[in-house]
Structure formats: C-alpha cells, structure tokens
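Have a look at the structure below, then the notes.
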Amino acid sequence: MNKTNRLRSGFSLIELLIVIAILGVLIGVVAPGLIDSQKKSTRKTMCIKMSDLKKRFDMFTLDNGVYPDTDEGFQALLSNPDADKYPNYPVVPYLKKMPKDAWSSPFIYVKKGSEIDIISLAADKTEGGEKWGADIIYSKHCQRN
C-alpha cells in the first residue's frame with residue numbers, strides 16, 4: 001500500500017464538517033416538532049388522568065349525594081372527612097394516594113355549586129400561564145362537547 005492510499009482511507013475534515021452541518025440542520029427542523037408533540041401528549045395525558053379523577057368524584061357523589069366541599073377536596077377521596085356528613089362512605093377509599101400531575105404538583109379541586117372542576121397548574125406551576133405553561137382546566141380543556 002502506498003502513501004497516497006493510506007491518506008485517502010479516512011474522511012477529510014471538510015467531509016466531516018459537511019455531515020455535521022447536515023445533521024445540525026435536520027435536528028433543527030425535526031426537534032421543535034418532536035418537542036411540541038411531547039408537550040401535546042403530556043397535556044392529553046393530564047386530561048385522561050383528570051377524567052379518571054372526575055369519575056372518582058362522581059362515585060363519591062353517587063354514594064354520598066353531594067360532591068365534597070372545595071376545602072375537603074382530594075382528601076375526601078382518601079378518607080372520610082366527616083362520618084356524620086358522609087355516612088355512606090365506603091370502607092375502601094376512592095383513592096390510595098394523593099394524585100399529582102405530570103409536573104409532580106398536586107391537582108386543584110374546586111366545587112362550584114353542584115359542579116366541580118379539576119385543575120393542573122401545568123409546567124410553570126403557577127396560576128394562569130401561557131402556551132405550554134397555561135393551566136389545564138378539566139371543564140375547559142378536557143371535556144368533549
């Protein structure tokens with residue numbers, strides 16, 4: 001093998017830089033779409049989880065005639081908050097542990113008259129927010145009309 005063949009057996013620096021540039025452009029084009037898809041699916045997953053929680057509150061209401069008060073919230077699904085107020089509370093609670101959203105924050109329960117709502121503060125963990133940090137409100141974002 002002569003000297004010229006040994007030198008051409010690898011890639012040149014320019015060839016490597018071109019490949020790296022092409023990969024960089026591809027990642028720049030594809031990555032934002034993947035990130036948005038992941039955020040959308042996380043929010044959809046939160047709606048599914050909220051729907052399950054809503055059904056557990058509905059079961060509570062079937063047994064006890066009313067939804068728990070706002071201050072009783074999710075704790076009412078873990079244990080009977082008031083035996084006199086809820087005499088039909090089952091022996092086995094509706095939940096085994098306090099539910100958390102995808103961002104490891106507790107859900108918020110709000111009773112409005114005879115209706116309830118379940119809220120996740122989402123990624124920003126503060127009330128309100130914009131775009132992907134916007135709160136996920138069960139009655140507004142998760143129920144299909």
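Chain lettering (A, B, ...) mirrors the order of the structure tokens, residue numbering begins at 1 for each chain separately, and ligand numbering begins at 1 in order of display.
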Do a neighbour search on range 119-131 of chain A at 7 Å with only C-alpha atoms, toss out local chain neighbours closer than 2 positions, and write the hits as a PDB file with C-alpha atoms, in the first residue's frame.
ATOM      1  CA  ASP A 101     -49.890  15.937  37.636  1.00  0.00           C
ATOM      2  CA  TRP A 103     -45.043  18.074  36.707  1.00  0.00           C
ATOM      3  CA  PHE A 107     -54.141  18.802  41.251  1.00  0.00           C
ATOM      4  CA  ILE A 108     -56.506  21.504  42.442  1.00  0.00           C
ATOM      5  CA  TYR A 109     -60.136  20.643  43.213  1.00  0.00           C
ATOM      6  CA  ASP A 117     -63.540  21.298  38.350  1.00  0.00           C
ATOM      7  CA  GLY A 133     -47.341  26.675  30.737  1.00  0.00           C
ATOM      8  CA  ALA A 134     -51.066  27.501  30.670  1.00  0.00           C
ATOM      9  CA  ASP A 135     -53.240  25.834  33.297  1.00  0.00           C
ATOM     10  CA  ILE A 136     -55.171  22.728  32.261  1.00  0.00           C
ATOM     11  CA  ILE A 137     -58.758  23.092  33.435  1.00  0.00           C
ATOM     12  CA  TYR A 138     -60.846  19.949  33.133  1.00  0.00           C
TER      13      TYR A 138
END
DSSP on the backbone: what in chain A comes out alpha helix (DSSP H), as a compact mmCIF listing (two decimals) with N, CA and C atoms, in the first residue's frame?
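File produced: result_28.txt:
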# COMPACT_ATOMS: atom_id res chain seq x y z
N LYS A 3 1.68 5.50 0.04
CA LYS A 3 1.37 6.61 0.94
C LYS A 3 0.05 7.31 0.57
N THR A 4 -0.25 7.44 -0.71
CA THR A 4 -1.47 8.11 -1.15
C THR A 4 -2.71 7.33 -0.74
N ASN A 5 -2.71 6.02 -0.88
CA ASN A 5 -3.87 5.19 -0.49
C ASN A 5 -4.10 5.22 1.02
N ARG A 6 -3.04 5.25 1.80
CA ARG A 6 -3.20 5.32 3.26
C ARG A 6 -3.84 6.64 3.68
N LEU A 7 -3.51 7.73 3.05
CA LEU A 7 -4.07 9.03 3.42
C LEU A 7 -5.54 9.15 3.02
N LEU A 13 -11.51 16.42 6.80
CA LEU A 13 -12.15 17.34 7.75
C LEU A 13 -13.34 18.03 7.11
N ILE A 14 -13.25 18.40 5.89
CA ILE A 14 -14.35 19.08 5.19
C ILE A 14 -15.55 18.14 5.06
N GLU A 15 -15.31 16.89 4.72
CA GLU A 15 -16.41 15.92 4.62
C GLU A 15 -17.12 15.75 5.96
N LEU A 16 -16.36 15.66 7.03
CA LEU A 16 -16.95 15.53 8.36
C LEU A 16 -17.75 16.78 8.73
N LEU A 17 -17.23 17.96 8.43
CA LEU A 17 -17.96 19.20 8.72
C LEU A 17 -19.26 19.30 7.94
N ILE A 18 -19.25 18.83 6.70
CA ILE A 18 -20.48 18.84 5.89
C ILE A 18 -21.53 17.91 6.50
N VAL A 19 -21.11 16.72 6.91
CA VAL A 19 -22.04 15.77 7.53
C VAL A 19 -22.59 16.35 8.83
N ILE A 20 -21.75 16.96 9.66
CA ILE A 20 -22.20 17.56 10.92
C ILE A 20 -23.18 18.70 10.64
N ALA A 21 -22.90 19.51 9.61
CA ALA A 21 -23.81 20.61 9.26
C ALA A 21 -25.17 20.08 8.82
N ILE A 22 -25.17 19.02 8.01
CA ILE A 22 -26.44 18.44 7.55
C ILE A 22 -27.22 17.88 8.74
N LEU A 23 -26.53 17.18 9.64
CA LEU A 23 -27.21 16.66 10.84
C LEU A 23 -27.76 17.81 11.69
N GLY A 24 -27.02 18.88 11.82
CA GLY A 24 -27.48 20.04 12.59
C GLY A 24 -28.75 20.64 12.01
N VAL A 25 -28.80 20.76 10.68
CA VAL A 25 -30.00 21.30 10.03
C VAL A 25 -31.19 20.36 10.24
N LEU A 26 -30.97 19.06 10.09
CA LEU A 26 -32.05 18.09 10.30
C LEU A 26 -32.58 18.16 11.73
N ILE A 27 -31.68 18.23 12.70
CA ILE A 27 -32.11 18.31 14.10
C ILE A 27 -32.86 19.62 14.34
N GLY A 28 -32.41 20.71 13.74
CA GLY A 28 -33.08 21.99 13.88
C GLY A 28 -34.49 21.99 13.32
N VAL A 29 -34.71 21.21 12.28
CA VAL A 29 -36.04 21.14 11.65
C VAL A 29 -36.95 20.17 12.39
N VAL A 30 -36.43 19.03 12.79
CA VAL A 30 -37.24 17.96 13.38
C VAL A 30 -37.49 18.16 14.88
N ALA A 31 -36.51 18.62 15.64
CA ALA A 31 -36.62 18.70 17.10
C ALA A 31 -37.81 19.53 17.59
N PRO A 32 -38.05 20.74 17.05
CA PRO A 32 -39.20 21.50 17.56
C PRO A 32 -40.53 20.76 17.42
N GLY A 33 -40.71 20.05 16.32
CA GLY A 33 -41.95 19.27 16.13
C GLY A 33 -42.06 18.15 17.14
N LEU A 34 -40.96 17.51 17.45
CA LEU A 34 -40.96 16.44 18.45
C LEU A 34 -41.26 16.99 19.83
N ILE A 35 -40.68 18.13 20.16
CA ILE A 35 -40.92 18.74 21.47
C ILE A 35 -42.38 19.14 21.61
N ASP A 36 -42.95 19.75 20.56
CA ASP A 36 -44.37 20.12 20.60
C ASP A 36 -45.25 18.89 20.75
N SER A 37 -44.92 17.81 20.04
CA SER A 37 -45.70 16.58 20.14
C SER A 37 -45.65 16.02 21.55
N GLN A 38 -44.48 16.07 22.17
CA GLN A 38 -44.34 15.57 23.53
C GLN A 38 -45.17 16.41 24.49
N LYS A 39 -45.17 17.73 24.31
CA LYS A 39 -45.95 18.60 25.20
C LYS A 39 -47.44 18.38 25.00
N LYS A 40 -47.87 18.20 23.75
CA LYS A 40 -49.29 17.94 23.48
C LYS A 40 -49.72 16.62 24.12
N SER A 41 -48.90 15.60 24.00
CA SER A 41 -49.29 14.31 24.57
C SER A 41 -49.27 14.35 26.09
N THR A 42 -48.39 15.14 26.69
CA THR A 42 -48.41 15.29 28.15
C THR A 42 -49.71 15.95 28.59
N ARG A 43 -50.14 16.97 27.87
CA ARG A 43 -51.40 17.65 28.22
C ARG A 43 -52.60 16.71 28.02
N LYS A 44 -52.57 15.90 26.97
CA LYS A 44 -53.66 14.93 26.74
C LYS A 44 -53.67 13.88 27.86
N THR A 45 -52.49 13.46 28.28
CA THR A 45 -52.40 12.51 29.38
C THR A 45 -53.00 13.10 30.65
N MET A 46 -52.77 14.39 30.88
CA MET A 46 -53.34 15.05 32.07
C MET A 46 -54.87 15.07 31.97
N CYS A 47 -55.40 15.25 30.78
CA CYS A 47 -56.86 15.21 30.62
C CYS A 47 -57.41 13.83 30.93
N ILE A 48 -56.70 12.80 30.51
CA ILE A 48 -57.14 11.43 30.82
C ILE A 48 -57.12 11.19 32.33
N LYS A 49 -56.06 11.65 32.97
CA LYS A 49 -55.94 11.49 34.43
C LYS A 49 -57.04 12.29 35.14
N MET A 50 -57.31 13.50 34.66
CA MET A 50 -58.37 14.32 35.25
C MET A 50 -59.73 13.67 35.06
N SER A 51 -59.94 13.05 33.92
CA SER A 51 -61.21 12.36 33.67
C SER A 51 -61.40 11.22 34.66
N ASP A 52 -60.33 10.48 34.94
CA ASP A 52 -60.40 9.41 35.93
C ASP A 52 -60.72 9.98 37.31
N LEU A 53 -60.08 11.08 37.66
CA LEU A 53 -60.35 11.70 38.97
C LEU A 53 -61.80 12.19 39.05
N LYS A 54 -62.29 12.75 37.96
CA LYS A 54 -63.69 13.23 37.92
C LYS A 54 -64.64 12.05 38.15
N LYS A 55 -64.33 10.90 37.55
CA LYS A 55 -65.18 9.71 37.74
C LYS A 55 -65.15 9.25 39.19
N ARG A 56 -64.02 9.39 39.84
CA ARG A 56 -63.94 9.01 41.26
C ARG A 56 -64.78 9.97 42.12
N PHE A 57 -64.77 11.24 41.77
CA PHE A 57 -65.64 12.19 42.48
C PHE A 57 -67.11 11.89 42.19
N ASP A 58 -67.41 11.46 40.97
CA ASP A 58 -68.78 11.07 40.64
C ASP A 58 -69.22 9.86 41.46
N MET A 59 -68.31 8.90 41.66
CA MET A 59 -68.62 7.74 42.51
C MET A 59 -68.87 8.20 43.95
N PHE A 60 -68.05 9.13 44.43
CA PHE A 60 -68.25 9.70 45.76
C PHE A 60 -69.66 10.29 45.86
N THR A 61 -70.06 11.02 44.82
CA THR A 61 -71.38 11.66 44.81
C THR A 61 -72.51 10.63 44.77
N LEU A 62 -72.32 9.56 44.02
CA LEU A 62 -73.34 8.51 43.99
C LEU A 62 -73.54 7.90 45.37
N ASP A 63 -72.44 7.72 46.10
CA ASP A 63 -72.52 7.13 47.44
C ASP A 63 -73.05 8.12 48.48
N ASN A 64 -72.70 9.39 48.35
CA ASN A 64 -72.97 10.36 49.42
C ASN A 64 -73.94 11.48 49.07
N GLN A 75 -58.66 15.04 49.54
CA GLN A 75 -58.57 14.33 50.81
C GLN A 75 -59.83 13.50 51.06
N ALA A 76 -60.97 13.98 50.55
CA ALA A 76 -62.22 13.25 50.71
C ALA A 76 -62.22 11.92 49.94
N LEU A 77 -61.36 11.81 48.95
CA LEU A 77 -61.26 10.54 48.22
C LEU A 77 -60.30 9.57 48.91
N LEU A 78 -59.49 10.09 49.82
CA LEU A 78 -58.51 9.26 50.53
C LEU A 78 -59.07 8.70 51.83
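Of the residues in chain A, those that DSSP places in strand (DSSP E) on the basis of the backbone are Ile108, Tyr109, Val110, Lys111, Lys112, Glu115, Ile116, Asp117, Ile118, Ile119, Ser120, Ile136 and Ile137 of chain A.
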Selection export as a PDB file, in the first residue's frame, atoms kept: N, CA and C atoms:
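Final output, saved to again.pdb:
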ATOM      1  N   ILE A 108     -55.663  20.605  41.647  1.00  0.00           N
ATOM      2  CA  ILE A 108     -56.506  21.504  42.442  1.00  0.00           C
ATOM      3  C   ILE A 108     -57.958  21.115  42.196  1.00  0.00           C
ATOM      4  N   TYR A 109     -58.717  20.999  43.280  1.00  0.00           N
ATOM      5  CA  TYR A 109     -60.136  20.643  43.213  1.00  0.00           C
ATOM      6  C   TYR A 109     -60.949  21.870  43.605  1.00  0.00           C
ATOM      7  N   VAL A 110     -61.960  22.183  42.789  1.00  0.00           N
ATOM      8  CA  VAL A 110     -62.834  23.322  43.080  1.00  0.00           C
ATOM      9  C   VAL A 110     -64.279  22.885  42.888  1.00  0.00           C
ATOM     10  N   LYS A 111     -65.097  23.130  43.921  1.00  0.00           N
ATOM     11  CA  LYS A 111     -66.534  22.853  43.816  1.00  0.00           C
ATOM     12  C   LYS A 111     -67.241  24.176  43.556  1.00  0.00           C
ATOM     13  N   LYS A 112     -68.037  24.196  42.467  1.00  0.00           N
ATOM     14  CA  LYS A 112     -68.806  25.391  42.098  1.00  0.00           C
ATOM     15  C   LYS A 112     -70.273  25.007  42.075  1.00  0.00           C
ATOM     16  N   GLU A 115     -71.428  21.586  40.617  1.00  0.00           N
ATOM     17  CA  GLU A 115     -70.409  21.118  39.672  1.00  0.00           C
ATOM     18  C   GLU A 115     -69.027  21.227  40.299  1.00  0.00           C
ATOM     19  N   ILE A 116     -68.098  20.453  39.737  1.00  0.00           N
ATOM     20  CA  ILE A 116     -66.716  20.525  40.214  1.00  0.00           C
ATOM     21  C   ILE A 116     -65.777  20.758  39.040  1.00  0.00           C
ATOM     22  N   ASP A 117     -64.571  21.179  39.357  1.00  0.00           N
ATOM     23  CA  ASP A 117     -63.540  21.298  38.350  1.00  0.00           C
ATOM     24  C   ASP A 117     -62.228  20.808  38.936  1.00  0.00           C
ATOM     25  N   ILE A 118     -61.382  20.294  38.068  1.00  0.00           N
ATOM     26  CA  ILE A 118     -60.059  19.815  38.450  1.00  0.00           C
ATOM     27  C   ILE A 118     -59.057  20.589  37.606  1.00  0.00           C
ATOM     28  N   ILE A 119     -58.021  21.095  38.245  1.00  0.00           N
ATOM     29  CA  ILE A 119     -57.074  21.982  37.574  1.00  0.00           C
ATOM     30  C   ILE A 119     -55.645  21.494  37.801  1.00  0.00           C
ATOM     31  N   SER A 120     -54.853  21.578  36.740  1.00  0.00           N
ATOM     32  CA  SER A 120     -53.402  21.372  36.835  1.00  0.00           C
ATOM     33  C   SER A 120     -52.752  22.703  36.484  1.00  0.00           C
ATOM     34  N   ILE A 136     -54.267  23.680  32.903  1.00  0.00           N
ATOM     35  CA  ILE A 136     -55.171  22.728  32.261  1.00  0.00           C
ATOM     36  C   ILE A 136     -56.381  22.621  33.169  1.00  0.00           C
ATOM     37  N   ILE A 137     -57.512  23.084  32.667  1.00  0.00           N
ATOM     38  CA  ILE A 137     -58.758  23.092  33.435  1.00  0.00           C
ATOM     39  C   ILE A 137     -59.682  22.046  32.815  1.00  0.00           C
TER      40      ILE A 137
END
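Here CA of Pro90 in chain A and CA of Ala102 in chain A stand 28.7 Å from one another.
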TODO: Please indicate the distance in Å from CA of Pro106 in chain A to CA of Gln143 in chain A, rounded to one decimal place.
DONE: 20.2 Å
Task: For CA of Val91 in chain A and CA of Phe74 in chain A, the interatomic separation in Å (one decimal) - done: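 Distance between the two atoms: 16.6 Å.
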